[in-house]
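The file structure.cif contains mmCIF, C-alpha atoms (C1' of nucleotides):
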data_work
loop_
_atom_site.label_atom_id
_atom_site.label_comp_id
_atom_site.auth_asym_id
_atom_site.auth_seq_id
_atom_site.Cartn_x
_atom_site.Cartn_y
_atom_site.Cartn_z
CA MET A 1 4.53 0.33 1.16
CA PRO A 2 1.42 2.07 2.34
CA GLU A 3 -0.60 -0.22 4.54
CA LEU A 4 -2.74 0.84 7.48
CA PRO A 5 0.02 2.31 9.69
CA GLU A 6 1.51 4.33 6.87
CA VAL A 7 -1.88 5.63 5.78
CA GLU A 8 -2.58 6.61 9.39
CA GLY A 9 0.64 8.62 9.16
CA PHE A 10 -0.58 10.27 5.97
CA ALA A 11 -3.91 11.07 7.65
CA ARG A 12 -2.15 12.82 10.52
CA TYR A 13 0.15 14.63 8.14
CA PHE A 14 -2.82 15.78 6.08
CA ALA A 15 -4.69 16.92 9.18
CA GLN A 16 -1.68 18.75 10.51
CA HIS A 17 -1.03 20.75 7.35
CA ALA A 18 -3.92 20.90 4.94
CA LEU A 19 -7.11 21.59 6.87
CA ARG A 20 -9.23 24.74 6.74
CA GLN A 21 -7.21 26.31 3.95
CA PRO A 22 -9.18 27.43 0.90
CA ILE A 23 -8.13 25.52 -2.20
CA VAL A 24 -7.41 28.12 -4.84
CA ARG A 25 -6.28 25.76 -7.58
CA VAL A 26 -6.06 22.07 -8.34
CA ARG A 27 -3.33 20.92 -10.68
CA VAL A 28 -3.43 17.47 -12.19
CA ARG A 29 0.01 16.47 -13.44
CA ASP A 30 -1.05 13.02 -14.63
CA GLU A 31 -4.69 12.21 -15.28
CA ARG A 32 -4.11 8.47 -14.98
CA ILE A 33 -4.18 8.85 -11.20
CA LEU A 34 -7.73 10.19 -11.24
CA GLY A 35 -10.84 8.08 -10.81
CA VAL A 36 -13.00 10.92 -12.14
CA ARG A 37 -12.71 13.37 -14.98
CA LYS A 38 -10.22 16.10 -14.41
CA ASP A 39 -12.64 19.00 -14.82
CA VAL A 40 -15.18 17.37 -12.50
CA PHE A 41 -12.44 16.81 -9.95
CA SER A 42 -11.09 20.34 -10.01
CA ARG A 43 -14.47 22.01 -10.04
CA ALA A 44 -15.67 20.00 -7.06
CA LEU A 45 -12.75 21.08 -4.90
CA ARG A 46 -11.69 24.53 -6.05
CA GLY A 47 -12.98 27.19 -3.67
CA HIS A 48 -13.59 24.67 -0.91
CA ALA A 49 -11.42 23.65 2.02
CA PHE A 50 -10.71 20.30 3.62
CA GLU A 51 -12.38 20.25 7.02
CA ARG A 52 -11.38 16.90 8.46
CA VAL A 53 -9.81 13.62 7.51
CA GLN A 54 -10.87 10.09 8.11
CA ARG A 55 -9.02 6.84 7.52
CA HIS A 56 -10.47 3.42 6.91
CA GLY A 57 -8.00 0.63 6.29
CA LYS A 58 -5.58 1.88 3.65
CA HIS A 59 -8.02 4.54 2.44
CA LEU A 60 -7.90 8.22 3.32
CA PHE A 61 -10.85 10.56 3.03
CA ALA A 62 -10.94 14.34 3.39
CA ASP A 63 -14.20 16.21 3.85
CA ALA A 64 -14.46 19.05 1.35
CA GLY A 65 -18.00 20.14 2.16
CA LEU A 66 -20.20 18.89 -0.64
CA THR A 67 -17.94 16.01 -1.47
CA TRP A 68 -15.09 14.00 -0.02
CA LEU A 69 -11.64 13.57 -1.49
CA HIS A 70 -10.61 9.93 -1.52
CA LEU A 71 -6.97 8.86 -1.63
CA HIS A 72 -5.49 5.43 -2.07
CA PHE A 73 -1.72 5.18 -2.05
CA GLY A 74 -1.10 2.05 -4.09
CA MET A 75 2.49 0.89 -3.72
CA THR A 76 4.35 4.17 -3.93
CA GLY A 77 1.89 6.87 -2.91
CA ASP A 78 2.96 9.67 -0.60
CA LEU A 79 1.96 13.15 0.50
CA SER A 80 4.12 16.24 0.53
CA TYR A 81 3.19 19.63 1.90
CA TYR A 82 5.55 22.31 0.76
CA THR A 83 6.05 26.02 0.39
CA SER A 84 6.92 27.43 -2.96
CA SER A 85 10.10 29.38 -3.02
CA VAL A 86 10.25 31.70 -5.97
CA ASN A 87 13.88 32.39 -6.60
CA ARG A 88 15.78 29.20 -6.23
CA HIS A 89 15.92 28.18 -9.86
CA ALA A 90 19.66 28.58 -10.04
CA SER A 91 20.36 26.45 -7.03
CA SER A 92 22.25 23.19 -6.75
CA ASP A 93 20.73 20.58 -9.07
CA ASP A 94 20.28 20.72 -12.83
CA GLY A 95 17.47 23.26 -12.61
CA SER A 96 15.38 21.45 -15.21
CA ARG A 97 12.28 21.28 -13.04
CA MET A 98 9.65 23.93 -13.44
CA THR A 99 8.72 24.42 -9.82
CA ASP A 100 11.11 24.30 -6.93
CA ASP A 101 10.15 21.84 -4.28
CA GLU A 102 7.49 20.18 -6.36
CA PRO A 103 8.06 16.47 -5.82
CA ARG A 104 9.32 14.59 -8.86
CA PHE A 105 6.33 12.25 -8.95
CA ALA A 106 3.61 14.72 -7.96
CA ARG A 107 0.43 13.68 -9.75
CA VAL A 108 -2.08 16.04 -8.16
CA ILE A 109 -1.28 19.29 -6.38
CA PHE A 110 -3.63 21.38 -4.28
CA ASP A 111 -2.67 25.04 -4.08
CA PHE A 112 -3.89 26.70 -0.91
CA ALA A 113 -4.76 30.30 -0.25
CA ASN A 114 -1.79 30.63 2.08
CA GLY A 115 0.57 29.95 -0.81
CA ASN A 116 1.46 26.43 0.25
CA HIS A 117 0.82 23.18 -1.60
CA LEU A 118 -0.15 19.63 -0.91
CA ALA A 119 1.07 17.11 -3.47
CA PHE A 120 -0.08 13.56 -3.93
CA GLU A 121 2.95 11.70 -5.22
CA ASP A 122 2.93 8.28 -6.78
CA MET A 123 5.79 7.01 -8.89
CA ARG A 124 4.07 3.83 -10.05
CA LEU A 125 0.59 5.25 -10.51
CA PHE A 126 -1.09 2.38 -8.70
CA GLY A 127 -2.77 4.84 -6.38
CA VAL A 128 -6.10 6.54 -6.89
CA VAL A 129 -7.27 10.08 -6.31
CA ASP A 130 -10.99 10.62 -6.65
CA LEU A 131 -14.20 11.81 -5.07
CA THR A 132 -16.91 10.13 -3.07
CA SER A 133 -20.09 11.28 -1.39
CA SER A 134 -18.92 9.98 1.99
CA PRO A 135 -16.47 7.48 3.48
CA ASP A 136 -19.35 5.18 4.38
CA ALA A 137 -20.63 5.25 0.82
CA TYR A 138 -17.18 4.39 -0.49
CA ILE A 139 -16.73 1.60 2.05
CA ALA A 140 -20.09 0.08 1.13
CA GLU A 141 -19.56 0.45 -2.60
CA HIS A 142 -16.17 -1.21 -2.51
CA GLU A 143 -17.20 -3.80 0.05
CA LEU A 144 -14.43 -3.01 2.48
CA GLY A 145 -14.35 -4.95 5.71
CA PRO A 146 -13.98 -3.30 9.11
CA ASP A 147 -10.80 -1.56 10.16
CA PRO A 148 -8.78 -3.92 12.38
CA LEU A 149 -8.24 -1.23 15.00
CA GLU A 150 -12.00 -0.75 15.31
CA ILE A 151 -13.15 -4.27 15.98
CA THR A 152 -13.49 -6.27 19.18
CA LEU A 153 -12.15 -9.76 19.69
CA ALA A 154 -15.72 -11.08 19.53
CA GLN A 155 -16.28 -9.43 16.16
CA PHE A 156 -12.97 -10.78 14.91
CA ARG A 157 -13.97 -14.29 15.99
CA ALA A 158 -17.25 -13.95 14.12
CA ILE A 159 -15.44 -12.94 10.94
CA VAL A 160 -12.97 -15.81 11.26
CA ALA A 161 -15.82 -18.27 11.72
CA LYS A 162 -17.22 -17.40 8.30
CA ARG A 163 -14.05 -18.11 6.37
CA ARG A 164 -11.78 -20.87 5.15
CA GLY A 165 -8.45 -20.93 3.40
CA ALA A 166 -4.98 -19.67 4.27
CA ILE A 167 -4.68 -17.31 7.22
CA LYS A 168 -2.45 -15.00 5.22
CA ALA A 169 -5.08 -14.65 2.48
CA PHE A 170 -7.63 -13.96 5.18
CA LEU A 171 -5.59 -11.16 6.73
CA MET A 172 -4.91 -9.54 3.36
CA SER A 173 -8.45 -9.65 2.00
CA GLN A 174 -9.71 -6.09 2.18
CA ASP A 175 -13.32 -7.23 2.09
CA VAL A 176 -12.70 -9.25 5.25
CA ILE A 177 -10.60 -6.76 7.22
CA ALA A 178 -9.38 -3.54 5.64
CA GLY A 179 -5.86 -2.29 6.04
CA ILE A 180 -3.42 -5.17 6.22
CA GLY A 181 -1.17 -5.86 3.24
CA ASN A 182 1.65 -8.22 2.44
CA LEU A 183 4.10 -6.82 4.96
CA TYR A 184 1.94 -6.75 8.07
CA ALA A 185 0.21 -10.01 7.23
CA ASP A 186 3.64 -11.68 7.31
CA GLU A 187 4.59 -9.75 10.44
CA THR A 188 1.42 -10.73 12.28
CA LEU A 189 1.88 -14.41 11.50
CA PHE A 190 5.56 -14.28 12.35
CA GLN A 191 4.85 -12.79 15.76
CA THR A 192 1.98 -15.20 16.34
CA GLY A 193 4.01 -18.25 15.30
CA LEU A 194 1.57 -19.41 12.63
CA HIS A 195 2.45 -20.65 9.16
CA PRO A 196 1.03 -18.35 6.44
CA ARG A 197 -0.88 -21.27 4.91
CA HIS A 198 -2.48 -22.33 8.17
CA PRO A 199 -6.21 -22.72 7.41
CA VAL A 200 -8.32 -20.22 9.34
CA ASP A 201 -10.98 -22.81 10.04
CA ARG A 202 -8.43 -24.89 11.93
CA LEU A 203 -7.34 -22.19 14.36
CA SER A 204 -7.96 -22.79 18.04
CA ASP A 205 -9.68 -20.10 20.10
CA ALA A 206 -6.34 -19.23 21.64
CA GLU A 207 -4.75 -18.88 18.21
CA VAL A 208 -7.51 -16.60 16.97
CA ARG A 209 -7.02 -14.42 20.03
CA ALA A 210 -3.25 -14.42 19.47
CA VAL A 211 -3.70 -13.27 15.86
CA TYR A 212 -6.11 -10.53 16.92
CA ASN A 213 -3.77 -9.26 19.61
CA ALA A 214 -0.62 -9.43 17.49
CA MET A 215 -2.27 -7.71 14.53
CA ARG A 216 -3.45 -4.79 16.64
CA ARG A 217 -0.30 -4.53 18.71
CA ILE A 218 1.82 -4.43 15.55
CA LEU A 219 -0.35 -1.87 13.76
CA ARG A 220 -0.34 0.43 16.78
CA GLU A 221 3.34 0.01 17.46
CA VAL A 222 4.23 0.74 13.85
CA ILE A 223 2.00 3.82 13.82
CA ARG A 224 3.90 5.01 16.87
CA VAL A 225 7.42 4.39 15.60
CA ARG A 226 6.76 5.65 12.08
CA ALA A 227 5.24 8.84 13.49
CA LYS A 228 8.66 9.57 14.93
CA ASP A 229 10.33 8.57 11.65
CA GLY A 230 11.75 5.52 13.34
CA ASP A 231 12.54 2.12 11.93
CA TRP A 232 10.70 -1.09 12.64
CA PRO A 233 12.06 -2.78 15.74
CA ALA A 234 14.91 -5.23 15.07
CA ARG A 235 12.81 -8.10 16.44
CA TYR A 236 10.38 -7.62 13.54
CA LEU A 237 10.41 -9.98 10.59
CA THR A 238 10.10 -6.84 8.49
CA MET A 239 13.74 -6.08 9.20
CA HIS A 240 14.79 -9.54 8.02
CA ARG A 241 12.88 -10.11 4.79
CA GLU A 242 15.46 -12.15 2.98
CA GLU A 243 15.74 -15.84 2.33
CA GLY A 244 18.27 -17.49 4.61
CA GLU A 245 18.33 -14.72 7.22
CA ARG A 246 18.48 -15.63 10.90
CA CYS A 247 15.14 -15.46 12.65
CA PRO A 248 15.40 -12.73 15.33
CA LYS A 249 12.97 -14.64 17.51
CA CYS A 250 14.25 -18.21 17.58
CA GLY A 251 17.39 -18.33 15.46
CA GLY A 252 15.69 -20.40 12.75
CA THR A 253 16.10 -19.72 9.05
CA ILE A 254 13.85 -17.32 7.17
CA GLN A 255 12.14 -18.96 4.20
CA ARG A 256 10.65 -17.37 1.15
CA THR A 257 7.57 -18.73 -0.59
CA VAL A 258 4.47 -17.55 -2.45
CA VAL A 259 1.01 -17.38 -0.89
CA MET A 260 -1.91 -15.86 -2.77
CA SER A 261 0.61 -14.92 -5.46
CA ARG A 262 2.48 -12.68 -3.06
CA THR A 263 6.04 -13.09 -1.88
CA THR A 264 5.88 -14.43 1.65
CA TYR A 265 8.56 -14.66 4.30
CA PHE A 266 8.32 -16.77 7.40
CA CYS A 267 10.49 -18.63 9.87
CA GLY A 268 10.86 -22.28 8.95
CA ASN A 269 11.38 -23.16 12.59
CA HIS A 270 8.75 -21.42 14.69
CA GLN A 271 6.03 -21.07 12.03
CA ARG A 272 5.11 -24.62 11.06
CA LEU A 273 1.95 -26.00 9.58
"C1'" DA B 274 -15.61 -19.43 -1.68
"C1'" DG B 275 -10.87 -19.57 -2.45
"C1'" DT B 276 -6.96 -19.22 -5.39
"C1'" DA B 277 -4.17 -18.38 -9.64
"C1'" DC B 278 -2.89 -15.42 -13.21
"C1'" DC B 279 -2.75 -11.14 -15.79
"C1'" DA B 280 -2.87 -6.21 -16.11
"C1'" DC B 281 -2.05 -1.64 -14.62
"C1'" DC B 282 2.97 1.39 -14.05
"C1'" DT B 283 7.95 2.92 -12.99
"C1'" DG B 284 12.39 2.37 -11.10
"C1'" DA B 285 16.23 -0.15 -8.77
"C1'" DC B 286 19.39 -3.80 -8.90
"C1'" DG B 287 22.17 -7.81 -10.29
"C1'" DG B 288 24.18 -10.53 -14.07
"C1'" DC B 289 26.42 -10.67 -18.36
"C1'" DT C 290 28.32 1.49 -20.22
"C1'" DG C 291 24.29 -0.84 -21.60
"C1'" DC C 292 20.80 -4.25 -22.15
"C1'" DC C 293 17.78 -7.66 -19.94
"C1'" DG C 294 15.36 -10.13 -16.57
"C1'" DT C 295 13.55 -9.87 -11.92
"C1'" DC C 296 11.54 -7.76 -8.22
"C1'" DA C 297 8.73 -4.30 -5.35
"C1'" DG C 298 4.89 -3.34 0.70
"C1'" DG C 299 -1.68 -2.83 -4.07
"C1'" DT C 300 -6.00 -3.71 -6.41
"C1'" DG C 301 -9.32 -5.34 -9.92
"C1'" DG C 302 -10.99 -8.51 -13.35
"C1'" DT C 303 -11.36 -13.08 -15.05
"C1'" DA C 304 -11.13 -17.85 -14.99
"C1'" DC C 305 -10.95 -22.28 -12.99
#

As structure tokens, how would this structure be written, given the file I've shared?
Amino acid sequence: MPELPEVEGFARYFAQHALRQPIVRVRVRDERILGVRKDVFSRALRGHAFERVQRHGKHLFADAGLTWLHLHFGMTGDLSYYTSSVNRHASSDDGSRMTDDEPRFARVIFDFANGNHLAFEDMRLFGVVDLTSSPDAYIAEHELGPDPLEITLAQFRAIVAKRRGAIKAFLMSQDVIAGIGNLYADETLFQTGLHPRHPVDRLSDAEVRAVYNAMRRILREVIRVRAKDGDWPARYLTMHREEGERCPKCGGTIQRTVVMSRTTYFCGNHQRL
DNA sequence: AGTACCACCTGACGGC
DNA sequence: TGCCGTCAGGTGGTAC
């Protein structure tokens, strides 16, 4: 699920737990998650400490002095900070795991000098863990667009003016704006009342402003509720992603279709072309 | 430039 | 119980 709001949550979690602790060991449980060679990765980080984190779109960066750690969470990425407990091998479950508390899908684990650990988990291995010289370098190299929470309405209008095609594709293109995925693209359009296939070059000024406002309001609201472990509000499309469901906004029927080869939900009544 | 399709992975779920 | 197809919130490459 990790889109911008979730990654913002990971950034705060990382900052809260894993800063300024010397990294005494780096354990790579599955090399397929790495974008660099394992020995290069470990050597670059061992003995250093993460000093600060930065998020851009769905990407998380942690300053490790000479280099930056870069994390992308794919579809199933997550972070877990935990304390090892030595003598709980005989407890409750089948006891087959080697380390207590180590998450089942931990792919990379940082061991800190204080005895605690930060694990990057990713069941499906679509995420990436690697190194970069700086967030800006990574952003330039991968041609990421601006973060939607960092741009003004005027900048957003300028970006819109350069594009054509379906509004949903526009919102999801990371080189246009970085951070919105399938879920929040649908949510933004649902709350704005626009059909996902509405061409961006046929949006009125008022509609462009409505998209900008909804997108930012949603991202910020979700950051806030998820920070408290809450659910999405019931008025969100996100809580009704199923064909035939009742639209919480107008009572219409939720439709399912495919846009940009992604499953798309929208209200057949208040989101018309 | 925009879109469609495949590939990369693993697990959950429904149907038979 | 088990096998099989389908689906899942992402991205990158290729091909129209």

Can you turn the PyMOL selection byres ((chain A and resi 260) around 8) into a concrete residue list for this file, as a short mmCIF file (atom, residue, chain, number, x, y, z; two decimals) with C-alpha atoms (C1' of nucleotides), in the coordinates of the input?
data_model
loop_
_atom_site.label_atom_id
_atom_site.label_comp_id
_atom_site.auth_asym_id
_atom_site.auth_seq_id
_atom_site.Cartn_x
_atom_site.Cartn_y
_atom_site.Cartn_z
CA ALA A 169 -5.08 -14.65 2.48
CA VAL A 258 4.47 -17.55 -2.45
CA VAL A 259 1.01 -17.38 -0.89
CA SER A 261 0.61 -14.92 -5.46
CA ARG A 262 2.48 -12.68 -3.06
"C1'" DT B 276 -6.96 -19.22 -5.39
"C1'" DA B 277 -4.17 -18.38 -9.64
#

Q) Between CA of Ala227 (chain A) and CA of Leu60 (chain A), what is the spacing in Å? A) 16.6 Å

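Near (-6.0, -1.0, -10.8), the residues inside the 12 Å limit, counting all atoms listed in the file, come to Arg32, Ile33, Leu34, Gly35, His72, Phe73, Gly74, Met75, Arg124, Leu125, Phe126, Gly127 and Val128 of chain A; DC279, DA280, DC281 and DC282 of chain B; DG299, DT300, DG301 and DG302 of chain C.
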
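The residues returned by the PyMOL selection byres ((chain B and resi 275) around 9) for this structure are A:Arg164, A:Gly165, A:Ala166, B:DA274, B:DT276.
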
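Between chain B and the residues A:Phe170, A:Phe10, A:Tyr138, A:Phe110, the shortest atom-to-atom distance, using all atoms listed in the file, involves A:Phe170.
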
Could you tell me which residues the PyMOL selection byres ((chain A and resi 45) around 9) returns for this structure, as a PDB file with C-alpha atoms, in the coordinates of the input?
ATOM      1  CA  ILE A  23      -8.130  25.520  -2.200  1.00  0.00           C
ATOM      2  CA  VAL A  24      -7.410  28.120  -4.840  1.00  0.00           C
ATOM      3  CA  ARG A  25      -6.280  25.760  -7.580  1.00  0.00           C
ATOM      4  CA  VAL A  26      -6.060  22.070  -8.340  1.00  0.00           C
ATOM      5  CA  VAL A  40     -15.180  17.370 -12.500  1.00  0.00           C
ATOM      6  CA  PHE A  41     -12.440  16.810  -9.950  1.00  0.00           C
ATOM      7  CA  SER A  42     -11.090  20.340 -10.010  1.00  0.00           C
ATOM      8  CA  ARG A  43     -14.470  22.010 -10.040  1.00  0.00           C
ATOM      9  CA  ALA A  44     -15.670  20.000  -7.060  1.00  0.00           C
ATOM     10  CA  ARG A  46     -11.690  24.530  -6.050  1.00  0.00           C
ATOM     11  CA  GLY A  47     -12.980  27.190  -3.670  1.00  0.00           C
ATOM     12  CA  HIS A  48     -13.590  24.670  -0.910  1.00  0.00           C
ATOM     13  CA  ALA A  49     -11.420  23.650   2.020  1.00  0.00           C
ATOM     14  CA  PHE A  50     -10.710  20.300   3.620  1.00  0.00           C
ATOM     15  CA  ALA A  64     -14.460  19.050   1.350  1.00  0.00           C
ATOM     16  CA  GLY A  65     -18.000  20.140   2.160  1.00  0.00           C
ATOM     17  CA  LEU A  66     -20.200  18.890  -0.640  1.00  0.00           C
ATOM     18  CA  THR A  67     -17.940  16.010  -1.470  1.00  0.00           C
ATOM     19  CA  TRP A  68     -15.090  14.000  -0.020  1.00  0.00           C
ATOM     20  CA  LEU A  69     -11.640  13.570  -1.490  1.00  0.00           C
TER      21      LEU A  69
END

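For the atom pair formed by CA of Asp147 (chain A) and CA of His56 (chain A), the distance is 6.0 Å, given to one decimal.
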
Q: Using all atoms listed in the file, determine which residues lie at most 10 Å from DG288 (chain B), disregarding the query and same-chain residues fewer than 2 positions distant; provide the list as a PyMOL selection string.
A: (chain B and resi 286) or (chain C and resi 293-294)

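The shortest atom-to-atom distance to Lys249 (chain A), with only C-alpha atoms taken into account, belongs to A:Gln191 out of A:Arg217, A:Pro103, A:Glu6, A:Gln191.
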
Q. Quick one: which residues from chain A are at most 12 Å off chain C, using all atoms listed in the file, as a ChimeraX atom specification?
A. /A:1-6,58-59,72-77,124-128,142,172-175,179-187,238,241,262-264

**Q.** Point-to-point distance in Å for CA of Glu245 (chain A) and CA of Asn213 (chain A)
**A.** 25.9 Å
